$ cat protein-v5.csv   # CSV, C-alpha atoms
chain,number,residue,atom,x,y,z
A,114,MET,CA,0.0,0.0,0.0
A,115,LYS,CA,3.0,2.3,0.0
A,116,ILE,CA,2.2,3.4,-3.6
A,117,ASN,CA,-1.2,4.5,-2.4
A,118,ILE,CA,0.3,7.0,0.1
A,119,ILE,CA,2.8,8.3,-2.5
A,120,ILE,CA,0.3,9.0,-5.3
A,121,SER,CA,-2.3,10.5,-2.9
A,122,SER,CA,0.2,12.9,-1.4
A,123,ALA,CA,1.2,14.2,-4.9
A,124,PHE,CA,-2.4,14.8,-6.0
A,125,ALA,CA,-3.4,16.2,-2.6
A,126,PHE,CA,-0.6,18.8,-3.0
A,127,ILE,CA,-1.9,19.7,-6.5
A,128,LEU,CA,-5.4,20.2,-5.1
A,129,PHE,CA,-3.9,22.3,-2.3
A,130,LEU,CA,-2.3,24.6,-4.9
A,131,LEU,CA,-5.6,25.0,-6.6
A,132,GLN,CA,-7.5,25.7,-3.4
A,133,ALA,CA,-4.8,28.1,-2.0
A,134,GLU,CA,-6.0,31.6,-1.5
A,135,THR,CA,-4.6,33.4,-4.6
A,136,TYR,CA,-5.8,36.8,-3.4
A,137,SER,CA,-3.6,37.0,-0.3
A,138,GLN,CA,-1.3,39.9,0.0
A,139,SER,CA,2.1,39.6,-1.6
A,140,ASN,CA,5.3,41.6,-1.4
A,141,ILE,CA,4.8,43.2,-4.9
A,142,GLU,CA,4.0,46.6,-3.5
A,143,ASN,CA,7.2,46.6,-1.4
A,144,ILE,CA,9.2,45.8,-4.5
A,145,LEU,CA,7.5,48.4,-6.6
A,146,ASN,CA,8.2,51.0,-3.9
A,147,GLU,CA,11.9,50.1,-3.9
A,148,ILE,CA,12.2,50.2,-7.7
A,149,SER,CA,10.3,53.5,-7.7
A,150,LYS,CA,13.0,55.0,-5.4
A,151,ASN,CA,16.1,53.3,-6.9
A,152,ASN,CA,15.5,52.9,-10.6
A,153,LYS,CA,18.1,54.9,-12.5
A,154,SER,CA,15.8,55.7,-15.5
A,155,ILE,CA,13.1,57.1,-13.1
A,156,ILE,CA,15.7,59.2,-11.3
A,157,ALA,CA,17.3,60.5,-14.5
A,158,ASN,CA,13.9,61.3,-16.0
A,159,THR,CA,12.9,63.2,-12.8
A,160,GLN,CA,16.1,65.3,-13.0
A,161,LEU,CA,15.5,65.9,-16.7
A,162,GLN,CA,12.0,67.2,-16.0
A,163,GLU,CA,13.3,69.4,-13.2
A,164,SER,CA,15.8,70.8,-15.7
A,165,ARG,CA,13.0,71.4,-18.2
A,166,LYS,CA,11.0,73.3,-15.6
A,167,LEU,CA,14.0,75.7,-15.2
A,168,GLU,CA,14.2,75.9,-19.0
A,169,PHE,CA,10.5,76.9,-19.3
A,170,GLN,CA,11.0,79.6,-16.6
A,171,THR,CA,13.9,81.1,-18.6
A,172,GLY,CA,13.2,84.1,-20.8
A,173,GLN,CA,10.1,85.2,-18.9
A,174,SER,CA,11.6,88.5,-17.7
A,175,LEU,CA,12.3,91.8,-19.5
A,176,HIS,CA,15.0,92.0,-22.1
A,177,ASN,CA,18.5,93.0,-20.9
A,178,PRO,CA,19.0,96.8,-20.8
A,179,PHE,CA,21.3,98.3,-23.5
A,180,ILE,CA,24.0,100.8,-22.6
A,181,GLU,CA,26.0,102.6,-25.3
A,182,VAL,CA,28.8,105.0,-24.6
A,183,THR,CA,30.5,107.0,-27.4
A,184,ASN,CA,33.5,109.3,-26.8
A,185,ILE,CA,34.5,111.3,-29.9
A,186,PHE,CA,37.8,113.2,-29.7
A,187,GLY,CA,38.2,116.3,-31.8
A,188,GLN,CA,40.8,118.9,-32.4
A,189,SER,CA,38.6,121.9,-33.2
A,190,ASP,CA,38.6,124.7,-30.7
A,191,ASP,CA,34.9,125.1,-31.1
A,192,ASN,CA,33.8,121.5,-30.3
A,193,GLY,CA,36.6,119.5,-28.7
A,194,SER,CA,35.7,116.1,-27.3
A,195,GLN,CA,32.1,114.8,-27.4
A,196,LEU,CA,30.6,112.2,-25.0
A,197,GLU,CA,27.4,110.4,-25.9
A,198,LEU,CA,25.6,108.0,-23.5
A,199,LYS,CA,22.5,105.9,-24.2
A,200,LEU,CA,20.7,103.8,-21.6
A,201,ILE,CA,17.8,101.8,-23.3
A,202,GLN,CA,15.3,99.3,-22.0
A,203,SER,CA,13.2,97.4,-24.6
A,204,PHE,CA,10.1,95.4,-23.9
A,205,ASP,CA,7.4,93.5,-25.7
A,206,PHE,CA,3.7,94.6,-25.7
A,207,PRO,CA,2.6,94.4,-22.0
A,208,THR,CA,0.0,91.6,-22.4
A,209,SER,CA,2.6,89.2,-23.8
A,210,TYR,CA,4.3,88.8,-20.4
A,211,SER,CA,1.2,87.3,-18.8
A,212,LYS,CA,0.6,85.1,-21.8
A,213,ARG,CA,4.2,83.9,-21.8
A,214,ASN,CA,4.0,83.0,-18.2
A,215,LYS,CA,0.8,81.1,-18.8
A,216,VAL,CA,2.5,79.0,-21.5
A,217,SER,CA,5.5,78.4,-19.2
A,218,ASP,CA,3.2,77.2,-16.4
A,219,LEU,CA,1.3,74.8,-18.7
A,220,LYS,CA,4.6,73.3,-19.9
A,221,ILE,CA,5.8,72.9,-16.3
A,222,GLN,CA,2.6,71.1,-15.5
A,223,GLN,CA,3.1,68.8,-18.5
A,224,THR,CA,6.4,67.6,-17.1
A,225,ASN,CA,4.5,66.0,-14.2
A,226,PHE,CA,2.4,63.9,-16.6
A,227,GLU,CA,5.6,62.9,-18.5
A,228,LYS,CA,7.2,61.7,-15.3
A,229,GLN,CA,4.1,59.7,-14.5
A,230,ILE,CA,4.2,58.0,-17.9
A,231,MET,CA,7.8,57.0,-17.5
A,232,ARG,CA,7.3,55.8,-14.0
A,233,ARG,CA,4.2,53.9,-14.9
A,234,GLU,CA,5.9,51.9,-17.7
A,235,ILE,CA,8.8,50.9,-15.6
A,236,LEU,CA,6.7,49.8,-12.6
A,237,LEU,CA,4.3,47.9,-14.9
A,238,ASP,CA,7.3,46.0,-16.3
A,239,ALA,CA,8.3,45.2,-12.7
A,240,LYS,CA,4.8,44.1,-11.7
A,241,LEU,CA,4.4,41.9,-14.8
A,242,THR,CA,7.8,40.3,-13.9
A,243,CYS,CA,6.7,39.7,-10.4
A,244,ILE,CA,3.5,38.0,-11.7
A,245,GLU,CA,5.6,35.8,-14.0
A,246,LEU,CA,7.8,34.9,-11.0
A,247,ILE,CA,4.8,33.9,-8.9
A,248,TYR,CA,3.7,31.6,-11.7
A,249,LEU,CA,7.2,30.1,-12.0
A,250,ASN,CA,7.6,29.7,-8.2
A,251,LYS,CA,4.3,27.8,-8.1
A,252,LYS,CA,5.4,25.6,-11.0
A,253,ARG,CA,8.7,25.0,-9.3
A,254,ILE,CA,7.0,23.7,-6.1
A,255,GLN,CA,4.8,21.5,-8.2
A,256,MET,CA,7.7,20.1,-10.1
A,257,LEU,CA,9.6,19.3,-6.9
A,258,LYS,CA,6.5,17.3,-5.6
A,259,ARG,CA,6.2,15.5,-9.0
A,260,ILE,CA,9.9,14.6,-8.8
A,261,GLU,CA,9.4,13.3,-5.3
A,262,THR,CA,6.5,11.1,-6.5
A,263,ALA,CA,8.5,10.0,-9.5
A,264,VAL,CA,11.5,9.0,-7.4
A,265,SER,CA,9.2,7.0,-5.1
A,266,LEU,CA,7.5,5.2,-8.1
A,267,LEU,CA,11.0,4.4,-9.6
A,268,ASN,CA,12.0,2.9,-6.2
A,269,LEU,CA,8.8,0.9,-6.1
A,270,TYR,CA,9.2,-0.5,-9.6
A,271,GLN,CA,12.9,-1.4,-9.0
A,272,THR,CA,11.9,-3.2,-5.8
A,273,LYS,CA,9.2,-5.1,-7.7
A,274,LEU,CA,11.8,-6.0,-10.4
A,275,GLU,CA,14.2,-7.3,-7.8
A,276,LYS,CA,11.4,-9.5,-6.3
A,277,GLY,CA,10.5,-10.7,-9.8
A,278,GLU,CA,7.1,-9.0,-9.6
A,279,GLY,CA,7.8,-6.3,-12.2
A,280,ASN,CA,9.5,-5.7,-15.5
A,281,ILE,CA,12.4,-3.6,-16.8
A,282,LEU,CA,10.0,-1.6,-19.0
A,283,ASP,CA,8.2,-0.1,-16.0
A,284,VAL,CA,11.6,0.8,-14.5
A,285,ASN,CA,12.8,2.4,-17.7
A,286,LYS,CA,9.6,4.4,-18.1
A,287,SER,CA,9.9,5.6,-14.6
A,288,LYS,CA,13.5,6.7,-15.3
A,289,ILE,CA,12.5,8.6,-18.4
A,290,ASN,CA,9.6,10.3,-16.5
A,291,LEU,CA,12.0,11.3,-13.7
A,292,LEU,CA,14.6,12.6,-16.2
A,293,ASN,CA,11.9,14.7,-18.0
A,294,LEU,CA,10.7,16.2,-14.7
A,295,LYS,CA,14.2,17.1,-13.6
A,296,THR,CA,14.9,18.8,-16.9
A,297,ASP,CA,11.7,20.8,-16.6
A,298,LEU,CA,12.8,21.8,-13.1
A,299,VAL,CA,16.2,23.0,-14.3
A,300,LEU,CA,14.5,25.1,-17.1
A,301,ILE,CA,12.1,26.6,-14.6
A,302,GLU,CA,14.8,27.5,-12.1
A,303,ASN,CA,16.8,29.1,-15.0
A,304,GLU,CA,13.8,31.3,-15.8
A,305,ILE,CA,13.3,32.2,-12.2
A,306,GLU,CA,17.0,33.3,-12.0
A,307,VAL,CA,16.6,35.4,-15.2
A,308,MET,CA,13.4,37.1,-13.9
A,309,ASN,CA,15.0,37.9,-10.6
A,310,GLU,CA,18.0,39.4,-12.4
A,311,GLY,CA,15.6,41.5,-14.4
A,312,LEU,CA,14.0,42.9,-11.1
A,313,THR,CA,17.5,43.5,-9.8
A,314,GLU,CA,18.4,45.5,-12.9
A,315,LEU,CA,15.2,47.6,-12.5
A,316,ASN,CA,16.2,48.2,-8.9
A,317,ALA,CA,19.5,49.7,-9.9
A,318,GLY,CA,21.5,46.6,-9.1
A,319,ASN,CA,20.1,46.2,-5.6
A,320,LYS,CA,19.5,42.4,-5.3
A,321,ILE,CA,16.0,41.2,-5.4
A,322,ILE,CA,14.9,37.6,-4.8
A,323,PHE,CA,11.2,37.3,-5.2
A,324,ALA,CA,9.9,33.9,-3.9
A,325,ASP,CA,6.2,34.7,-3.5
A,326,THR,CA,3.6,32.1,-4.6
A,327,ALA,CA,0.6,34.3,-3.9
A,328,TYR,CA,-0.8,36.8,-6.3
A,329,PRO,CA,-1.7,40.3,-5.1
A,330,VAL,CA,-5.2,41.2,-4.1
A,331,THR,CA,-7.2,41.9,-7.3
A,332,PRO,CA,-9.7,44.8,-7.4
A,333,VAL,CA,-13.3,44.3,-8.2
A,334,ILE,CA,-13.6,44.7,-12.0
A,335,PRO,CA,-16.6,46.9,-12.8
A,336,GLN,CA,-18.6,46.9,-16.1
A,337,PHE,CA,-16.7,47.9,-19.2
A,338,GLU,CA,-18.1,51.4,-19.5
A,339,ILE,CA,-17.3,52.3,-15.9
A,340,LEU,CA,-13.8,50.8,-16.1
A,341,GLU,CA,-13.1,52.6,-19.5
A,342,ASN,CA,-14.2,55.9,-18.0
A,343,GLU,CA,-12.0,55.4,-15.0
A,344,ILE,CA,-8.9,54.6,-17.1
A,345,GLU,CA,-9.5,57.6,-19.3
A,346,LEU,CA,-9.8,59.9,-16.3
A,347,ASN,CA,-6.5,58.7,-14.8
A,348,ASP,CA,-4.4,58.1,-17.9
A,349,PRO,CA,-1.3,60.5,-17.8
A,350,ALA,CA,-0.9,59.9,-21.6
A,351,ILE,CA,-4.2,61.5,-22.4
A,352,LYS,CA,-3.6,64.2,-19.8
A,353,SER,CA,-0.3,65.0,-21.5
A,354,LEU,CA,-2.0,65.3,-24.9
A,355,GLN,CA,-4.7,67.5,-23.5
A,356,GLN,CA,-1.9,69.7,-22.0
A,357,ASP,CA,-0.3,69.9,-25.5
A,358,LYS,CA,-3.6,71.3,-26.7
A,359,LEU,CA,-3.8,73.9,-24.0
A,360,ILE,CA,-0.2,74.9,-24.6
A,361,SER,CA,-0.9,75.3,-28.4
A,362,GLN,CA,-4.0,77.4,-27.6
A,363,SER,CA,-2.0,79.6,-25.3
A,364,GLN,CA,0.8,80.0,-27.8
A,365,VAL,CA,-1.8,81.2,-30.3
A,366,GLU,CA,-2.7,84.0,-27.9
A,367,LEU,CA,1.0,84.6,-27.1
A,368,SER,CA,1.9,84.9,-30.8
A,369,LYS,CA,-0.8,87.5,-31.3
A,370,SER,CA,0.6,89.5,-28.5
A,371,LEU,CA,4.2,89.2,-29.9
A,372,SER,CA,2.8,90.5,-33.2
A,373,LEU,CA,1.9,93.8,-31.5
A,374,PRO,CA,4.5,96.7,-31.4
A,375,LYS,CA,7.5,96.5,-29.2
A,376,PHE,CA,8.7,99.5,-27.3
A,377,GLU,CA,12.0,101.1,-26.2
A,378,VAL,CA,12.4,103.7,-23.5
A,379,GLY,CA,15.6,105.1,-22.1
A,380,TYR,CA,17.9,108.0,-21.1
A,381,TYR,CA,20.0,110.0,-23.6
A,382,TYR,CA,23.0,112.2,-22.7
A,383,LEU,CA,25.2,114.3,-25.0
A,384,GLY,CA,28.1,116.2,-23.5
A,385,LEU,CA,30.0,118.7,-25.7
A,386,GLN,CA,33.0,120.8,-24.6
A,387,ASP,CA,30.9,123.6,-23.2
A,388,ARG,CA,27.4,122.3,-23.4
A,389,LYS,CA,25.5,119.2,-22.0
A,390,TYR,CA,22.2,117.8,-23.3
A,391,ASN,CA,19.9,115.3,-21.5
A,392,GLY,CA,16.9,113.7,-23.0
A,393,ILE,CA,14.5,110.8,-23.2
A,394,HIS,CA,14.8,108.0,-25.7
A,395,PHE,CA,11.6,106.3,-27.0
A,396,GLY,CA,11.2,103.8,-29.8
A,397,ILE,CA,8.5,101.6,-31.3
A,398,SER,CA,8.8,98.6,-33.7
A,399,ILE,CA,6.5,98.3,-36.6
A,400,PRO,CA,5.3,94.6,-36.7
A,401,LEU,CA,5.6,93.8,-40.4
A,402,TRP,CA,7.6,90.6,-41.0
A,403,GLU,CA,9.1,89.1,-37.9
A,404,ASN,CA,6.1,87.0,-36.8
A,405,ASN,CA,4.7,86.1,-40.1
A,406,TYR,CA,2.9,82.7,-39.9
A,407,ARG,CA,3.6,82.2,-36.2
A,408,THR,CA,0.0,82.5,-35.2
A,409,ASP,CA,-1.1,80.3,-38.1
A,410,PHE,CA,1.6,77.7,-37.1
A,411,HIS,CA,0.2,77.5,-33.5
A,412,ARG,CA,-3.4,77.3,-34.8
A,413,SER,CA,-2.3,74.4,-37.0
A,414,LYS,CA,-0.6,72.8,-34.1
A,415,THR,CA,-3.8,73.1,-32.0
A,416,LEU,CA,-5.7,71.3,-34.7
A,417,TYR,CA,-3.1,68.6,-34.7
A,418,SER,CA,-3.4,68.2,-30.9
A,419,ASN,CA,-7.2,67.8,-31.3
A,420,LEU,CA,-6.7,65.0,-33.9
A,421,GLU,CA,-4.0,63.4,-31.8
A,422,ILE,CA,-6.3,63.3,-28.7
A,423,GLU,CA,-9.1,61.7,-30.8
A,424,ALA,CA,-6.7,59.2,-32.3
A,425,HIS,CA,-5.4,58.3,-28.9
A,426,ARG,CA,-8.8,57.9,-27.4
A,427,ASN,CA,-9.9,55.7,-30.3
A,428,GLU,CA,-6.8,53.5,-30.0
A,429,HIS,CA,-7.1,53.4,-26.2
A,430,LEU,CA,-10.8,52.4,-26.4
A,431,TYR,CA,-10.0,49.4,-28.5
A,432,GLU,CA,-7.0,48.5,-26.4
A,433,ILE,CA,-9.1,48.5,-23.3
A,434,LYS,CA,-11.8,46.5,-25.1
A,435,LYS,CA,-9.2,43.9,-26.1
A,436,LEU,CA,-7.9,43.6,-22.5
A,437,TYR,CA,-11.4,43.5,-21.0
A,438,GLY,CA,-12.5,40.8,-23.4
A,439,LYS,CA,-9.3,38.8,-22.6
A,440,TYR,CA,-10.1,39.3,-18.9
A,441,GLU,CA,-13.6,37.9,-19.2
A,442,THR,CA,-12.4,34.9,-21.3
A,443,LEU,CA,-9.6,34.1,-18.8
A,444,LYS,CA,-11.9,34.4,-15.8
A,445,GLU,CA,-14.5,32.0,-17.4
A,446,ALA,CA,-11.8,29.5,-18.4
A,447,MET,CA,-10.2,29.6,-14.9
A,448,THR,CA,-13.5,29.0,-13.3
A,449,GLY,CA,-14.1,26.0,-15.5
A,450,TYR,CA,-10.7,24.5,-14.8
A,451,ARG,CA,-11.0,25.2,-11.1
A,452,GLU,CA,-14.4,23.5,-10.8
A,453,ILE,CA,-13.3,20.4,-12.7
A,454,LEU,CA,-9.9,19.9,-11.0
A,455,GLU,CA,-11.2,20.5,-7.5
A,456,SER,CA,-14.1,18.1,-7.9
A,457,SER,CA,-12.0,15.4,-9.8
A,458,ASP,CA,-11.3,12.1,-8.1
A,459,ASN,CA,-8.9,11.0,-10.8
A,460,ASP,CA,-6.1,10.7,-8.3
A,461,ASP,CA,-8.0,8.2,-6.2
A,462,ILE,CA,-9.2,6.3,-9.3
A,463,LEU,CA,-5.7,6.0,-10.8
A,464,ASN,CA,-4.3,5.1,-7.4
A,465,LYS,CA,-6.7,2.2,-6.9
A,466,ALA,CA,-6.4,1.0,-10.5
A,467,LEU,CA,-2.6,0.9,-10.4
A,468,VAL,CA,-2.5,-0.9,-7.0
A,469,ALA,CA,-5.1,-3.5,-8.2
A,470,GLY,CA,-3.2,-4.0,-11.4
A,471,GLU,CA,-6.1,-2.9,-13.5
A,472,ILE,CA,-4.0,-0.4,-15.5
A,473,THR,CA,-0.4,-0.6,-16.8
A,474,SER,CA,2.3,1.8,-15.8
A,475,ILE,CA,2.1,3.4,-19.3
A,476,ASN,CA,-1.6,4.1,-18.8
A,477,TYR,CA,-0.9,5.5,-15.4
A,478,PHE,CA,1.8,7.9,-16.7
A,479,LEU,CA,-0.4,8.9,-19.6
A,480,GLU,CA,-3.4,9.7,-17.3
A,481,SER,CA,-1.3,11.4,-14.7
A,482,ASN,CA,0.4,13.5,-17.3
A,483,TYR,CA,-3.0,14.5,-18.7
A,484,LEU,CA,-4.0,15.7,-15.3
A,485,PHE,CA,-0.7,17.5,-14.8
A,486,ASN,CA,-1.0,19.2,-18.1
A,487,SER,CA,-4.5,20.4,-17.0
A,488,ILE,CA,-3.0,21.8,-13.8
A,489,ASP,CA,-0.2,23.6,-15.7
A,490,LYS,CA,-2.8,25.1,-18.0
A,491,PHE,CA,-4.8,26.4,-15.1
A,492,LEU,CA,-1.7,28.0,-13.6
A,493,GLU,CA,-0.9,29.6,-17.0
A,494,LEU,CA,-4.4,31.0,-17.2
A,495,GLU,CA,-4.1,32.3,-13.7
A,496,LYS,CA,-0.9,34.1,-14.6
A,497,GLU,CA,-2.4,35.6,-17.7
A,498,TYR,CA,-5.5,36.7,-15.7
A,499,HIS,CA,-3.4,38.7,-13.2
A,500,MET,CA,-1.3,40.2,-16.0
A,501,VAL,CA,-4.4,41.5,-17.8
A,502,ILE,CA,-5.6,43.0,-14.6
A,503,ALA,CA,-2.2,44.6,-14.0
A,504,GLU,CA,-2.4,46.1,-17.6
A,505,LEU,CA,-6.0,47.4,-17.0
A,506,TYR,CA,-5.0,49.1,-13.7
A,507,LYS,CA,-1.5,50.3,-14.7
A,508,ASN,CA,-2.6,53.9,-14.1
A,509,ARG,CA,-2.7,53.1,-10.3
A,510,LEU,CA,1.0,52.4,-10.2

$ encode --input "protein-v5.csv" --output "structure tokens"
Amino acid sequence: MKINIIISSAFAFILFLLQAETYSQSNIENILNEISKNNKSIIANTQLQESRKLEFQTGQSLHNPFIEVTNIFGQSDDNGSQLELKLIQSFDFPTSYSKRNKVSDLKIQQTNFEKQIMRREILLDAKLTCIELIYLNKKRIQMLKRIETAVSLLNLYQTKLEKGEGNILDVNKSKINLLNLKTDLVLIENEIEVMNEGLTELNAGNKIIFADTAYPVTPVIPQFEILENEIELNDPAIKSLQQDKLISQSQVELSKSLSLPKFEVGYYYLGLQDRKYNGIHFGISIPLWENNYRTDFHRSKTLYSNLEIEAHRNEHLYEIKKLYGKYETLKEAMTGYREILESSDNDDILNKALVAGEITSINYFLESNYLFNSIDKFLELEKEYHMVIAELYKNRL
């Protein structure tokens, strides 16, 4: 009856994996927080955006004052030397300064959305890697248990062979089965190592070993229309495009102000040998050629921004539809697999049939592999399910 205990323990463990609470809390949030603080690309992008904020603030003040000093030396007794001094301050039409500041403020606000986009993509990559690791860690545990069972079966068949109750074919099949399982385990462990190295890279080289076998808590998925609206409201990409539109609209107003006359005011001094003159300098530019087409350019850019927003919304809508459809399909498939596998008594049936000699070893291996393949398929569906949810809720990262 030793075989009875061995096989039952293997299948009991499989059922335990299926029945385990997959919505228990994991360490994913802690890892994402670490990567958010340490990732070199996020840090570099943050510094870049801070530099851009300073760039957008540059040039908002008045033009530099202009000072001109001319000293003319003469030999005439009537005039002698002549000193001329000009101190001039030029400025744009007054309304342009408030409009220029508005454009600057809008550009600075946009840098926050660009930081969010960059951070979101890196953290999504990290979260998907963690989900893949949870899947691989669960497969590794299963594979260790399968190997344990395969070793016990091989020992049993070898013992039977030594007693003259078995045959060499059963022993050879058991050896091949064990070799295949060990090979699969090595491949899984290699994948786990690669995935952990990927997390370490995202964490700026700070070592991460992620050994969780529990998926993170999943949010309640609402109806498509509600979910789609929530995603649109919180999507930094659409916010950045909308900010582009506001910037273009403000630049239209700014370009109109810059097309108005510019002014110069200043102080003028002229000193001759025996006379001195003081005066006021005033100048005005005539807006003829300098800003040709600038307003039309920004109007055209505003139209482009409108079209880009609509294109993004359309593309985003169908991307969300695709993900939502995949989510529903995976959820239904998972439910079906879970119900069948949890209610299945195949392990007990195979167990009794093998002990009673009603099935051959090849039939046992074929049937058990069929069940193992079903378990593996369920675990794969489970992984894909959590990845789809991570994609749908990436704006929460």

$ residues_around --input "protein-v5.csv" --residues "A:Ile393" --least-positions-apart "5" --cutoff "9 Å" --atoms "only C-alpha atoms" --output "PyMOL selection string"
chain A and resi 378-382

$ residues_near_point --input "protein-v5.csv" --point "(6.7, 58.2, -16.1)" --cutoff "12 Å" --atoms "all atoms listed in the file" --output "compact mmCIF listing (two decimals) with C-alpha atoms, in the frame of the given file"
# COMPACT_ATOMS: atom_id res chain seq x y z
CA SER A 149 10.30 53.50 -7.70
CA ASN A 152 15.50 52.90 -10.60
CA SER A 154 15.80 55.70 -15.50
CA ILE A 155 13.10 57.10 -13.10
CA ILE A 156 15.70 59.20 -11.30
CA ALA A 157 17.30 60.50 -14.50
CA ASN A 158 13.90 61.30 -16.00
CA THR A 159 12.90 63.20 -12.80
CA LEU A 161 15.50 65.90 -16.70
CA GLN A 162 12.00 67.20 -16.00
CA GLN A 223 3.10 68.80 -18.50
CA THR A 224 6.40 67.60 -17.10
CA ASN A 225 4.50 66.00 -14.20
CA PHE A 226 2.40 63.90 -16.60
CA GLU A 227 5.60 62.90 -18.50
CA LYS A 228 7.20 61.70 -15.30
CA GLN A 229 4.10 59.70 -14.50
CA ILE A 230 4.20 58.00 -17.90
CA MET A 231 7.80 57.00 -17.50
CA ARG A 232 7.30 55.80 -14.00
CA ARG A 233 4.20 53.90 -14.90
CA GLU A 234 5.90 51.90 -17.70
CA ILE A 235 8.80 50.90 -15.60
CA LEU A 236 6.70 49.80 -12.60
CA LEU A 237 4.30 47.90 -14.90
CA ASP A 348 -4.40 58.10 -17.90
CA PRO A 349 -1.30 60.50 -17.80
CA ALA A 350 -0.90 59.90 -21.60
CA SER A 353 -0.30 65.00 -21.50
CA LYS A 507 -1.50 50.30 -14.70
CA ASN A 508 -2.60 53.90 -14.10
CA LEU A 510 1.00 52.40 -10.20

$ atom_distance --input "protein-v5.csv" --atom1 "atom CA of A:Leu257" --atom2 "atom CA of A:Gly279"
26.2 Å

$ closest_residue --input "protein-v5.csv" --among "A:Glu314, A:Glu261, A:Glu278, A:Glu421" --to "A:Leu291" --atoms "only C-alpha atoms"
A:Glu261

$ atom_distance --input "protein-v5.csv" --atom1 "atom CA of A:Thr326" --atom2 "atom CA of A:Thr313"
18.7 Å

$ residues_around --input "protein-v5.csv" --residues "stretch 368-370 of chain A" --least-positions-apart "6" --cutoff "12 Å" --atoms "all atoms listed in the file" --output "MDAnalysis selection string"
chainID A and resid 205:213 216 360:362 400 403:412

$ atom_distance --input "protein-v5.csv" --atom1 "atom CA of A:Asp325" --atom2 "atom CA of A:Glu306"
13.8 Å

$ closest_residue --input "protein-v5.csv" --among "A:Gly318, A:Leu266, A:Thr183, A:Ala327" --to "A:Ile289" --atoms "all atoms listed in the file"
A:Leu266

$ closest_residue --input "protein-v5.csv" --among "A:Lys414, A:Tyr437, A:Gln355, A:Asp489" --to "A:Arg451" --atoms "only C-alpha atoms"
A:Asp489

$ residues_around --input "protein-v5.csv" --residues "A:Gly438" --least-positions-apart "4" --cutoff "12 Å" --atoms "all atoms listed in the file" --output "list in words"
Gln336, Phe337, Tyr431, Glu432, Ile433, Lys434, Thr442, Leu443, Lys444, Glu445, Tyr498, Val501, Ile502 and Leu505 of chain A

$ closest_residue --input "protein-v5.csv" --among "A:Leu492, A:Leu420, A:Val333, A:Ala324" --to "A:Thr448" --atoms "all atoms listed in the file"
A:Leu492

$ residues_around --input "protein-v5.csv" --residues "A:Arg253" --least-positions-apart "2" --cutoff "9 Å" --atoms "all atoms listed in the file" --output "ChimeraX atom specification"
/A:248-251,255-258,297-298,301-302

$ residues_near_point --input "protein-v5.csv" --point "(21.0, 97.7, -23.4)" --cutoff "7 Å" --atoms "only C-alpha atoms" --output "PDB file with C-alpha atoms, keeping the file's coordinate frame"
ATOM      1  CA  ASN A 177      18.500  93.000 -20.900  1.00  0.00           C
ATOM      2  CA  PRO A 178      19.000  96.800 -20.800  1.00  0.00           C
ATOM      3  CA  PHE A 179      21.300  98.300 -23.500  1.00  0.00           C
ATOM      4  CA  ILE A 180      24.000 100.800 -22.600  1.00  0.00           C
ATOM      5  CA  LEU A 200      20.700 103.800 -21.600  1.00  0.00           C
ATOM      6  CA  ILE A 201      17.800 101.800 -23.300  1.00  0.00           C
ATOM      7  CA  GLN A 202      15.300  99.300 -22.000  1.00  0.00           C
TER       8      GLN A 202
END

$ closest_residue --input "protein-v5.csv" --among "A:Ala263, A:Ala424, A:Ala317, A:Val182" --to "A:Leu354" --atoms "only C-alpha atoms"
A:Ala424

$ axis_aligned_box --input "protein-v5.csv" --around "stretch 426-434 of chain A" --padding-each-side "6 Å" --output "AutoDock Vina command-line options"
--center_x -9.3 --center_y 52.2 --center_z -26.8 --size_x 17.0 --size_y 23.4 --size_z 19.0

$ closest_residue --input "protein-v5.csv" --among "A:Ile144, A:Glu245, A:Leu383, A:Ser474" --to "A:Glu181" --atoms "all atoms listed in the file"
A:Leu383

$ residues_around --input "protein-v5.csv" --residues "A:Ile221" --least-positions-apart "4" --cutoff "8 Å" --atoms "all atoms listed in the file" --output "compact mmCIF listing (two decimals) with C-alpha atoms, in the coordinates of the input"
# COMPACT_ATOMS: atom_id res chain seq x y z
CA ARG A 165 13.00 71.40 -18.20
CA LYS A 166 11.00 73.30 -15.60
CA PHE A 169 10.50 76.90 -19.30
CA SER A 217 5.50 78.40 -19.20
CA ASN A 225 4.50 66.00 -14.20

$ decode --input "protein-v5.csv" --residues "stretch 294-299 of chain A" --atoms "N, CA and C atoms" --output "CSV table (one decimal), in the first residue's frame"
chain,number,residue,atom,x,y,z
A,294,LEU,N,11.1,15.3,-15.8
A,294,LEU,CA,10.7,16.2,-14.7
A,294,LEU,C,11.9,17.0,-14.2
A,295,LYS,N,13.0,16.4,-14.0
A,295,LYS,CA,14.2,17.1,-13.6
A,295,LYS,C,14.7,18.1,-14.6
A,296,THR,N,14.6,17.8,-15.9
A,296,THR,CA,14.9,18.8,-16.9
A,296,THR,C,14.0,20.0,-16.9
A,297,ASP,N,12.7,19.7,-16.7
A,297,ASP,CA,11.7,20.8,-16.6
A,297,ASP,C,12.0,21.7,-15.4
A,298,LEU,N,12.4,21.0,-14.3
A,298,LEU,CA,12.8,21.8,-13.1
A,298,LEU,C,14.0,22.7,-13.3
A,299,VAL,N,15.0,22.2,-14.0
A,299,VAL,CA,16.2,23.0,-14.3
A,299,VAL,C,15.8,24.2,-15.2
